[in-house]
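Student: This is model.cif (mmCIF, C-alpha atoms (C1' of nucleotides)).
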```cif
data_input
#
loop_
_atom_site.label_atom_id
_atom_site.label_comp_id
_atom_site.auth_asym_id
_atom_site.auth_seq_id
_atom_site.Cartn_x
_atom_site.Cartn_y
_atom_site.Cartn_z
CA MET A 1 231.61 194.60 133.61
CA PRO A 2 233.38 196.23 130.71
CA GLU A 3 234.12 199.87 131.54
CA LEU A 4 236.58 202.22 129.83
CA PRO A 5 239.77 200.22 130.61
CA GLU A 6 238.21 196.94 129.47
CA VAL A 7 236.83 198.38 126.21
CA GLU A 8 240.15 200.15 125.57
CA THR A 9 241.94 196.81 126.01
CA ILE A 10 239.56 195.03 123.65
CA LYS A 11 240.05 197.83 121.10
CA ASN A 12 243.84 197.66 121.37
CA GLU A 13 243.92 193.87 121.02
CA LEU A 14 241.45 193.61 118.12
CA LEU A 15 242.75 196.57 116.10
CA PRO A 16 245.69 194.79 114.40
CA TRP A 17 243.39 191.93 113.37
CA VAL A 18 240.62 193.98 111.77
CA ARG A 19 242.22 197.16 110.39
CA GLY A 20 242.13 197.07 106.60
CA GLN A 21 240.08 193.86 106.51
CA SER A 22 236.60 193.46 105.00
CA PHE A 23 233.59 191.64 106.43
CA THR A 24 232.99 188.38 104.53
CA GLN A 25 230.13 186.94 106.59
CA VAL A 26 227.89 188.34 109.33
CA THR A 27 225.50 186.14 111.31
CA ILE A 28 222.97 187.33 113.88
CA PHE A 29 221.89 184.65 116.34
CA ASP A 30 219.88 186.98 118.58
CA PRO A 31 217.98 189.71 116.69
CA LYS A 32 217.31 191.54 119.97
CA ILE A 33 220.82 192.98 120.14
CA VAL A 34 220.73 194.68 116.72
CA PHE A 35 219.47 198.25 116.40
CA CYS A 36 219.10 200.54 113.38
CA ALA A 37 218.64 197.64 110.92
CA SER A 38 216.65 194.42 110.51
CA THR A 39 218.23 191.00 111.01
CA GLU A 40 218.28 190.46 107.23
CA GLU A 41 219.31 193.99 106.33
CA PHE A 42 222.16 194.15 108.83
CA PRO A 43 224.48 191.48 107.32
CA ARG A 44 223.66 192.64 103.80
CA ASN A 45 224.76 196.19 104.65
CA LEU A 46 227.95 195.00 106.32
CA VAL A 47 229.40 192.28 104.06
CA ALA A 48 232.23 193.54 101.78
CA GLN A 49 232.63 196.69 103.86
CA ARG A 50 236.24 197.44 104.82
CA VAL A 51 237.28 198.44 108.35
CA GLU A 52 239.44 201.55 108.29
CA ASN A 53 239.88 201.92 112.02
CA LEU A 54 238.70 200.68 115.40
CA GLU A 55 238.05 203.26 118.10
CA ARG A 56 236.68 203.50 121.61
CA ARG A 57 234.32 206.22 122.84
CA GLY A 58 233.28 205.86 126.47
CA LYS A 59 232.29 202.21 126.79
CA TYR A 60 231.40 201.94 123.09
CA LEU A 61 233.53 200.18 120.46
CA ILE A 62 233.37 201.85 117.03
CA PHE A 63 234.34 200.20 113.73
CA ASP A 64 234.95 202.98 111.19
CA LEU A 65 234.00 201.65 107.76
CA ALA A 66 235.39 202.78 104.42
CA SER A 67 231.82 203.76 103.43
CA LYS A 68 231.92 206.26 106.33
CA LYS A 69 229.21 204.26 108.10
CA VAL A 70 230.01 202.93 111.55
CA LEU A 71 229.44 199.59 113.28
CA ILE A 72 229.10 200.25 117.00
CA MET A 73 229.06 197.70 119.83
CA HIS A 74 228.26 198.03 123.52
CA LEU A 75 229.01 195.09 125.82
CA ARG A 76 226.88 196.36 128.74
CA MET A 77 227.21 193.98 131.70
CA THR A 78 228.27 190.58 130.43
CA GLY A 79 229.21 191.00 126.77
CA VAL A 80 232.57 189.69 125.50
CA LEU A 81 234.21 189.76 122.08
CA LEU A 82 236.09 186.56 121.31
CA LEU A 83 238.72 186.21 118.58
CA ASN A 84 238.59 182.85 116.79
CA PRO A 85 236.91 180.90 119.61
CA ARG A 86 237.30 177.13 119.24
CA THR A 87 233.62 176.60 120.01
CA PHE A 88 230.51 178.77 120.19
CA ASP A 89 228.98 178.89 123.65
CA SER A 90 225.21 179.13 124.04
CA TYR A 91 225.52 182.88 124.62
CA ALA A 92 226.86 183.71 121.14
CA ARG A 93 224.66 186.56 119.81
CA ALA A 94 226.48 187.45 116.58
CA ALA A 95 229.51 186.33 114.56
CA PHE A 96 231.65 188.38 112.17
CA SER A 97 234.06 186.81 109.65
CA PHE A 98 236.77 188.84 107.93
CA SER A 99 238.81 188.67 104.72
CA ASN A 100 241.91 187.50 106.65
CA ASP A 101 239.90 184.45 107.85
CA ILE A 102 239.57 185.60 111.44
CA GLN A 103 236.24 185.49 113.21
CA ILE A 104 234.96 187.69 116.05
CA VAL A 105 232.06 186.38 118.15
CA PHE A 106 229.88 188.68 120.27
CA SER A 107 228.85 186.58 123.27
CA ASP A 108 226.58 187.94 125.99
CA ARG A 109 225.09 185.97 128.85
CA ARG A 110 222.49 188.53 129.87
CA ARG A 111 221.44 189.83 126.47
CA LEU A 112 221.85 193.48 127.45
CA GLY A 113 224.56 194.16 124.88
CA ALA A 114 223.77 196.12 121.73
CA ILE A 115 225.03 196.54 118.17
CA TRP A 116 224.27 199.46 115.86
CA LEU A 117 224.97 200.11 112.17
CA ALA A 118 224.69 203.87 111.77
CA GLU A 119 225.39 206.62 109.24
CA ASN A 120 227.65 208.35 111.74
CA ALA A 121 228.87 207.74 115.28
CA ASP A 122 227.17 210.80 116.75
CA ALA A 123 223.78 209.17 116.22
CA VAL A 124 224.76 206.69 118.96
CA VAL A 125 227.48 208.31 121.06
CA GLY A 126 226.77 211.99 120.44
CA LYS A 127 225.49 212.76 123.92
CA LEU A 128 228.46 211.31 125.80
CA GLY A 129 230.51 213.56 128.06
CA PRO A 130 234.24 214.14 127.54
CA GLU A 131 236.83 211.36 127.41
CA PRO A 132 238.49 211.40 130.85
CA LEU A 133 241.90 210.42 129.42
CA SER A 134 241.95 213.00 126.64
CA ASP A 135 243.89 216.26 126.83
CA ASP A 136 240.55 218.08 126.64
CA PHE A 137 239.53 216.72 130.04
CA THR A 138 241.19 219.48 132.03
CA LEU A 139 240.74 220.33 135.70
CA ASP A 140 238.54 223.27 134.63
CA VAL A 141 236.31 221.00 132.54
CA LEU A 142 235.77 218.69 135.52
CA ALA A 143 235.17 221.58 137.93
CA GLN A 144 232.61 223.17 135.63
CA LEU A 145 230.58 220.02 135.07
CA LEU A 146 230.55 219.15 138.78
CA GLU A 147 229.42 222.60 139.93
CA LYS A 148 226.26 222.28 137.83
CA HIS A 149 225.02 219.14 139.58
CA HIS A 150 223.53 218.72 143.03
CA ILE A 151 223.82 214.93 142.92
CA PRO A 152 226.04 212.44 144.78
CA ILE A 153 229.58 212.55 143.37
CA LYS A 154 229.34 208.78 142.76
CA ALA A 155 226.28 209.34 140.56
CA ALA A 156 228.09 212.12 138.69
CA LEU A 157 231.16 209.96 137.97
CA ILE A 158 229.09 207.16 136.40
CA ASP A 159 226.77 209.47 134.42
CA GLN A 160 227.95 208.91 130.84
CA ASN A 161 226.58 212.28 129.74
CA LEU A 162 228.89 214.02 132.22
CA ILE A 163 232.06 211.88 131.82
CA ALA A 164 232.28 208.99 129.36
CA GLY A 165 233.52 205.55 130.36
CA ILE A 166 233.52 205.34 134.16
CA GLY A 167 231.31 202.60 135.64
CA ASN A 168 230.45 201.39 139.10
CA MET A 169 233.67 199.63 140.09
CA TYR A 170 236.15 202.25 138.86
CA ALA A 171 234.04 205.05 140.37
CA ASP A 172 234.46 203.36 143.76
CA GLU A 173 238.22 202.98 143.26
CA ILE A 174 238.57 206.61 142.13
CA LEU A 175 236.62 207.95 145.13
CA PHE A 176 238.68 205.84 147.53
CA ALA A 177 241.93 207.09 145.99
CA ALA A 178 240.63 210.66 146.28
CA LYS A 179 239.34 210.07 149.85
CA ILE A 180 235.88 211.35 148.94
CA HIS A 181 232.66 209.78 150.32
CA PRO A 182 230.39 208.57 147.47
CA LEU A 183 227.38 210.49 148.85
CA ARG A 184 229.12 213.89 148.91
CA LYS A 185 227.30 216.31 146.60
CA ALA A 186 229.12 216.94 143.32
CA ASN A 187 228.78 220.71 143.61
CA ALA A 188 229.97 220.75 147.24
CA LEU A 189 233.52 219.50 146.65
CA THR A 190 236.34 221.92 147.48
CA PRO A 191 238.71 223.08 144.70
CA GLN A 192 241.43 220.99 146.31
CA GLU A 193 239.21 217.89 146.33
CA ILE A 194 238.33 218.41 142.66
CA GLN A 195 242.01 218.68 141.82
CA ILE A 196 242.76 215.41 143.62
CA LEU A 197 239.71 213.77 142.03
CA HIS A 198 240.85 214.84 138.56
CA ARG A 199 244.26 213.27 139.12
CA CYS A 200 242.76 210.07 140.58
CA ILE A 201 240.34 209.60 137.67
CA ARG A 202 243.24 209.55 135.24
CA GLU A 203 245.59 207.50 137.42
CA ILE A 204 243.04 204.78 138.21
CA LEU A 205 241.92 204.43 134.59
CA TRP A 206 245.46 204.44 133.15
CA SER A 207 246.59 201.90 135.72
CA ALA A 208 243.66 199.61 134.84
CA ILE A 209 244.45 199.89 131.12
CA ASN A 210 248.06 198.94 131.85
CA SER A 211 246.68 195.85 133.64
CA LYS A 212 244.49 195.03 130.59
CA GLY A 213 241.27 195.60 132.50
CA ALA A 214 239.67 193.87 135.47
CA SER A 215 238.48 190.27 135.14
CA VAL A 216 235.61 190.31 137.61
CA ASN A 217 232.55 188.35 136.54
CA THR A 218 232.66 187.58 132.83
CA TYR A 219 235.27 189.92 131.35
CA ILE A 220 237.99 188.23 129.36
CA ARG A 221 240.20 189.61 126.60
CA PRO A 222 239.54 188.71 122.93
CA GLU A 223 242.19 185.99 122.87
CA GLY A 224 241.04 184.51 126.16
CA GLN A 225 243.51 185.96 128.67
CA LEU A 226 242.38 187.61 131.90
CA GLY A 227 242.99 191.21 132.91
CA THR A 228 244.64 191.83 136.28
CA ALA A 229 243.34 195.26 137.35
CA GLN A 230 241.04 193.62 139.91
CA LEU A 231 244.11 192.52 141.90
CA ALA A 232 244.75 196.18 142.76
CA PHE A 233 241.18 196.97 143.87
CA LYS A 234 241.10 198.55 147.31
CA VAL A 235 237.34 198.83 147.87
CA ALA A 236 235.41 197.69 144.77
CA HIS A 237 233.70 194.38 145.59
CA GLN A 238 235.66 194.26 148.88
CA TYR A 239 232.67 194.34 151.29
CA GLY A 240 233.65 193.15 154.74
CA LYS A 241 237.37 193.24 153.98
CA LEU A 242 239.67 195.71 155.67
CA CYS A 243 240.80 199.05 154.28
CA PRO A 244 244.44 198.64 153.15
CA LEU A 245 245.25 202.11 154.52
CA CYS A 246 243.65 202.11 157.98
CA GLY A 247 242.21 198.63 158.64
CA THR A 248 238.59 199.80 158.95
CA SER A 249 235.95 197.45 157.52
CA ILE A 250 234.92 198.38 153.98
CA GLN A 251 231.28 199.49 153.97
CA ARG A 252 228.62 199.27 151.26
CA VAL A 253 225.95 201.89 150.65
CA LEU A 254 223.38 202.26 147.87
CA VAL A 255 223.85 205.33 145.66
CA ARG A 256 221.11 205.65 143.03
CA GLY A 257 220.45 201.93 143.46
CA ARG A 258 224.07 200.98 142.81
CA GLY A 259 226.19 199.19 145.39
CA SER A 260 228.99 201.53 146.42
CA TYR A 261 231.99 200.37 148.43
CA PHE A 262 234.03 202.78 150.53
CA CYS A 263 236.11 203.15 153.69
CA PRO A 264 234.09 205.15 156.28
CA ASN A 265 237.32 206.30 157.95
CA CYS A 266 239.32 207.35 154.87
CA GLN A 267 236.25 208.75 153.08
CA PRO A 268 234.26 210.52 155.84
CA LEU A 269 231.04 212.48 155.37
CA PRO A 270 231.55 215.99 156.79
"C1'" DC B 1 215.62 221.22 133.06
"C1'" DT B 2 217.18 218.30 136.95
"C1'" DT B 3 216.93 214.35 139.72
"C1'" DG B 4 215.58 209.76 141.19
"C1'" DG B 5 213.59 205.32 140.60
"C1'" DG B 6 212.14 201.27 137.93
"C1'" DA B 7 212.64 198.08 133.86
"C1'" DC B 8 215.35 195.26 131.11
"C1'" DC B 9 218.18 190.76 131.34
"C1'" DT B 10 219.73 185.96 133.46
"C1'" DG B 11 223.25 183.15 136.20
"C1'" DG B 12 224.60 182.70 140.78
"C1'" DC B 13 223.78 183.13 145.44
"C1'" DT B 14 220.88 183.19 149.81
"C1'" DG B 15 217.71 181.44 152.85
"C1'" DC B 16 213.75 178.78 154.00
"C1'" DT C 1 218.79 168.81 148.77
"C1'" DG C 2 215.42 171.84 146.22
"C1'" DC C 3 213.79 175.89 144.78
"C1'" DA C 4 211.75 180.66 144.99
"C1'" DG C 5 213.35 185.02 145.06
"C1'" DC C 6 216.86 188.41 145.32
"C1'" DC C 7 221.02 190.63 143.42
"C1'" DA C 8 224.44 192.40 140.03
"C1'" DG C 9 224.77 197.29 137.01
"C1'" DG C 10 224.79 200.03 132.00
"C1'" DT C 11 221.39 202.34 129.86
"C1'" DC C 12 216.80 203.87 128.69
"C1'" DC C 13 212.44 205.67 130.03
"C1'" DC C 14 209.21 208.02 132.79
"C1'" DA C 15 207.48 210.73 136.69
"C1'" DA C 16 207.87 214.39 140.12
#
```
Please express the file's structure as structure tokens.

Tutor:
Amino acid sequence: MPELPEVETIKNELLPWVRGQSFTQVTIFDPKIVFCASTEEFPRNLVAQRVENLERRGKYLIFDLASKKVLIMHLRMTGVLLLNPRTFDSYARAAFSFSNDIQIVFSDRRRLGAIWLAENADAVVGKLGPEPLSDDFTLDVLAQLLEKHHIPIKAALIDQNLIAGIGNMYADEILFAAKIHPLRKANALTPQEIQILHRCIREILWSAINSKGASVNTYIRPEGQLGTAQLAFKVAHQYGKLCPLCGTSIQRVLVRGRGSYFCPNCQPLP
DNA sequence: CTTGGGACCTGGCTGC
DNA sequence: TGCAGCCAGGTCCCAA
């Protein structure tokens, strides 16, 4: 599942290949993934456009075009972007060729991924909360957005309109590192807990970026290598295993319909 | 407005 | 061994 660290890794590894290059051919194999343009219109509007920059916002990948339009991609659950794949698998949904003869293939097993061509990025990502790794994401910013919400802290962490980029597995890792139970109410955390949470959000995400993301399920990097962040997971997808701190069995509870893994001893409910 | 639950999607797993 | 049905979770949509 591509979350912030995975999309950041994809952005970092594709950027040197696409910056300054122009689209030479665009093919849509699955019209369902394209928004804001028809299947015929979409390639026509994209070919010959030059990529000025590649950015990440939350879990979205944004190609800034010289025309000031933006091509935006979201990989959702199972999407991957492959650089010069030797063969197309049956899940290829779109292919993009560039003036330097590279090709990027958007492949997505579950067809939940999405691609937009928009006049400006805000039309797609305008409602996202702050970037948790930016300097703007201060302790005060976190404290103020949490105090407004009487929802489980796990639900708050993965709400993209509150904080952009955190998904189910990193939310679990962050809450374990902060020793906070996923069902605690967001507006009931103590100032000290919020301070620890703020530090853990940044540490967990930076650490995962340094490991090039977590290769659980389908995530692979554009050139085919795996990420290694999953090797450091303490609770995410560790149901039935033992807590590395205290040896208690990792438990699973549903929060807003999402499986949430935690240590009942290290992360107690008051 | 806030919160919670279901739909979407499909490969892999579970259990009969 | 075969297969129906459940599960995964990012986001959107709707209802209370």

Student: Range 2-9 of chain B: which residues within 12 Å, counting all atoms listed in the file, same-chain residues fewer than 5 positions away excluded, as a PDB file with C-alpha atoms (C1' of nucleotides), in the frame of the given file?

Tutor:
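Below you can see result36.pdb, which holds the result:
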```pdb
ATOM      1  CA  LYS A  32     217.310 191.540 119.970  1.00  0.00           C
ATOM      2  CA  ILE A  33     220.820 192.980 120.140  1.00  0.00           C
ATOM      3  CA  ARG A  76     226.880 196.360 128.740  1.00  0.00           C
ATOM      4  CA  MET A  77     227.210 193.980 131.700  1.00  0.00           C
ATOM      5  CA  THR A  78     228.270 190.580 130.430  1.00  0.00           C
ATOM      6  CA  GLY A  79     229.210 191.000 126.770  1.00  0.00           C
ATOM      7  CA  ASP A 108     226.580 187.940 125.990  1.00  0.00           C
ATOM      8  CA  ARG A 109     225.090 185.970 128.850  1.00  0.00           C
ATOM      9  CA  ARG A 110     222.490 188.530 129.870  1.00  0.00           C
ATOM     10  CA  ARG A 111     221.440 189.830 126.470  1.00  0.00           C
ATOM     11  CA  LEU A 112     221.850 193.480 127.450  1.00  0.00           C
ATOM     12  CA  GLY A 113     224.560 194.160 124.880  1.00  0.00           C
ATOM     13  CA  LYS A 148     226.260 222.280 137.830  1.00  0.00           C
ATOM     14  CA  HIS A 149     225.020 219.140 139.580  1.00  0.00           C
ATOM     15  CA  HIS A 150     223.530 218.720 143.030  1.00  0.00           C
ATOM     16  CA  ILE A 151     223.820 214.930 142.920  1.00  0.00           C
ATOM     17  CA  PRO A 152     226.040 212.440 144.780  1.00  0.00           C
ATOM     18  CA  ALA A 155     226.280 209.340 140.560  1.00  0.00           C
ATOM     19  CA  ALA A 156     228.090 212.120 138.690  1.00  0.00           C
ATOM     20  CA  VAL A 255     223.850 205.330 145.660  1.00  0.00           C
ATOM     21  CA  ARG A 256     221.110 205.650 143.030  1.00  0.00           C
ATOM     22  CA  GLY A 257     220.450 201.930 143.460  1.00  0.00           C
ATOM     23  CA  ARG A 258     224.070 200.980 142.810  1.00  0.00           C
TER      24      ARG A 258
ATOM     25  C1'  DA C   8     224.440 192.400 140.030  1.00  0.00           C
ATOM     26  C1'  DG C   9     224.770 197.290 137.010  1.00  0.00           C
ATOM     27  C1'  DG C  10     224.790 200.030 132.000  1.00  0.00           C
ATOM     28  C1'  DT C  11     221.390 202.340 129.860  1.00  0.00           C
ATOM     29  C1'  DC C  12     216.800 203.870 128.690  1.00  0.00           C
ATOM     30  C1'  DC C  13     212.440 205.670 130.030  1.00  0.00           C
ATOM     31  C1'  DC C  14     209.210 208.020 132.790  1.00  0.00           C
ATOM     32  C1'  DA C  15     207.480 210.730 136.690  1.00  0.00           C
ATOM     33  C1'  DA C  16     207.870 214.390 140.120  1.00  0.00           C
TER      34       DA C  16
END
```

Student: Go through chain A and flag each residue having an atom no more than 10 Å from chain C; for those, report the closest pair of atoms plus their distance in Å to one decimal, using only C-alpha atoms (C1' of nucleotides), ordered by chain and rising number, as CSV.

Tutor:
```
residue,atom,partner,partner_atom,distance
A:Met1,CA,C:DG9,C1',8.1
A:Pro2,CA,C:DG10,C1',9.5
A:Glu3,CA,C:DG10,C1',9.3
A:Lys59,CA,C:DG10,C1',9.4
A:His74,CA,C:DG10,C1',9.4
A:Leu75,CA,C:DG10,C1',9.0
A:Arg76,CA,C:DG10,C1',5.3
A:Met77,CA,C:DG10,C1',6.5
A:Leu112,CA,C:DG10,C1',8.5
A:Gly113,CA,C:DG10,C1',9.2
A:Ile158,CA,C:DG10,C1',9.4
A:Asp159,CA,C:DG10,C1',9.9
A:Gln160,CA,C:DT11,C1',9.3
A:Gly167,CA,C:DG10,C1',7.9
A:Asn168,CA,C:DG9,C1',7.3
A:Met169,CA,C:DG9,C1',9.7
A:Asn217,CA,C:DA8,C1',9.7
A:Gly257,CA,C:DG9,C1',9.0
A:Arg258,CA,C:DG9,C1',6.9
A:Gly259,CA,C:DG9,C1',8.7
```

Student: Taking all atoms listed in the file into account, name the residue in A:Tyr60, A:Thr218, A:Pro130, A:Gly227 that is nearest to chain B.

Tutor: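 Smallest distance to chain B is found for A:Thr218.
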
Student: Pull out every residue that the PyMOL selection byres ((chain A and resi 27) around 7) matches in the shown coordinates and put them as a list in words.

Tutor: Gln25, Val26, Ile28, Phe29, Pro43, Ala94, Ala95 and Phe96 of chain A

Student: For a test of reading the model, state the distance in Å between CA of Leu14 in chain A and CA of Cys200 in chain A, rounded to one decimal.

Tutor: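 Going from CA of Leu14 in chain A over to CA of Cys200 in chain A, I get 27.9 Å.
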
Student: Would you please work out which residue, of A:Leu245, A:Tyr91, A:Ser260, A:Ala118, is nearest to chain B when using only C-alpha atoms (C1' of nucleotides)?

Tutor: A:Tyr91

Student: What's the separation between CA of Gln195 in chain A and CA of Phe262 in chain A, in Å to one decimal place?

Tutor: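 Taking CA of Gln195 in chain A as the start and CA of Phe262 in chain A as the end point, the length is 19.8 Å.
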
Student: Can you pull out the residues contacting Asn265 in chain A? Cut-off 10 Å, using only C-alpha atoms (C1' of nucleotides), and skip same-chain residues under 4 positions away; I want them as a list in words.

Tutor: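 The neighbour list is Lys179, His181, Cys243, Leu245, Cys246, Gly247, Thr248, Ser249, Ile250, Gln251 and Leu269 of chain A.
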
Student: Which is closer to Ala186 in chain A than all the others in A:Ile62, A:Ile153, A:Ile72, A:Ala232, using all atoms listed in the file?

Tutor: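 Looking only at the distances to Ala186 in chain A, the closest residue turns out to be A:Ile153.
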
Student: Interatomic distance between CA of Cys263 in chain A and CA of Gln238 in chain A?

Tutor: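 If I compute the distance from CA of Cys263 in chain A to CA of Gln238 in chain A, I get 10.1 Å.
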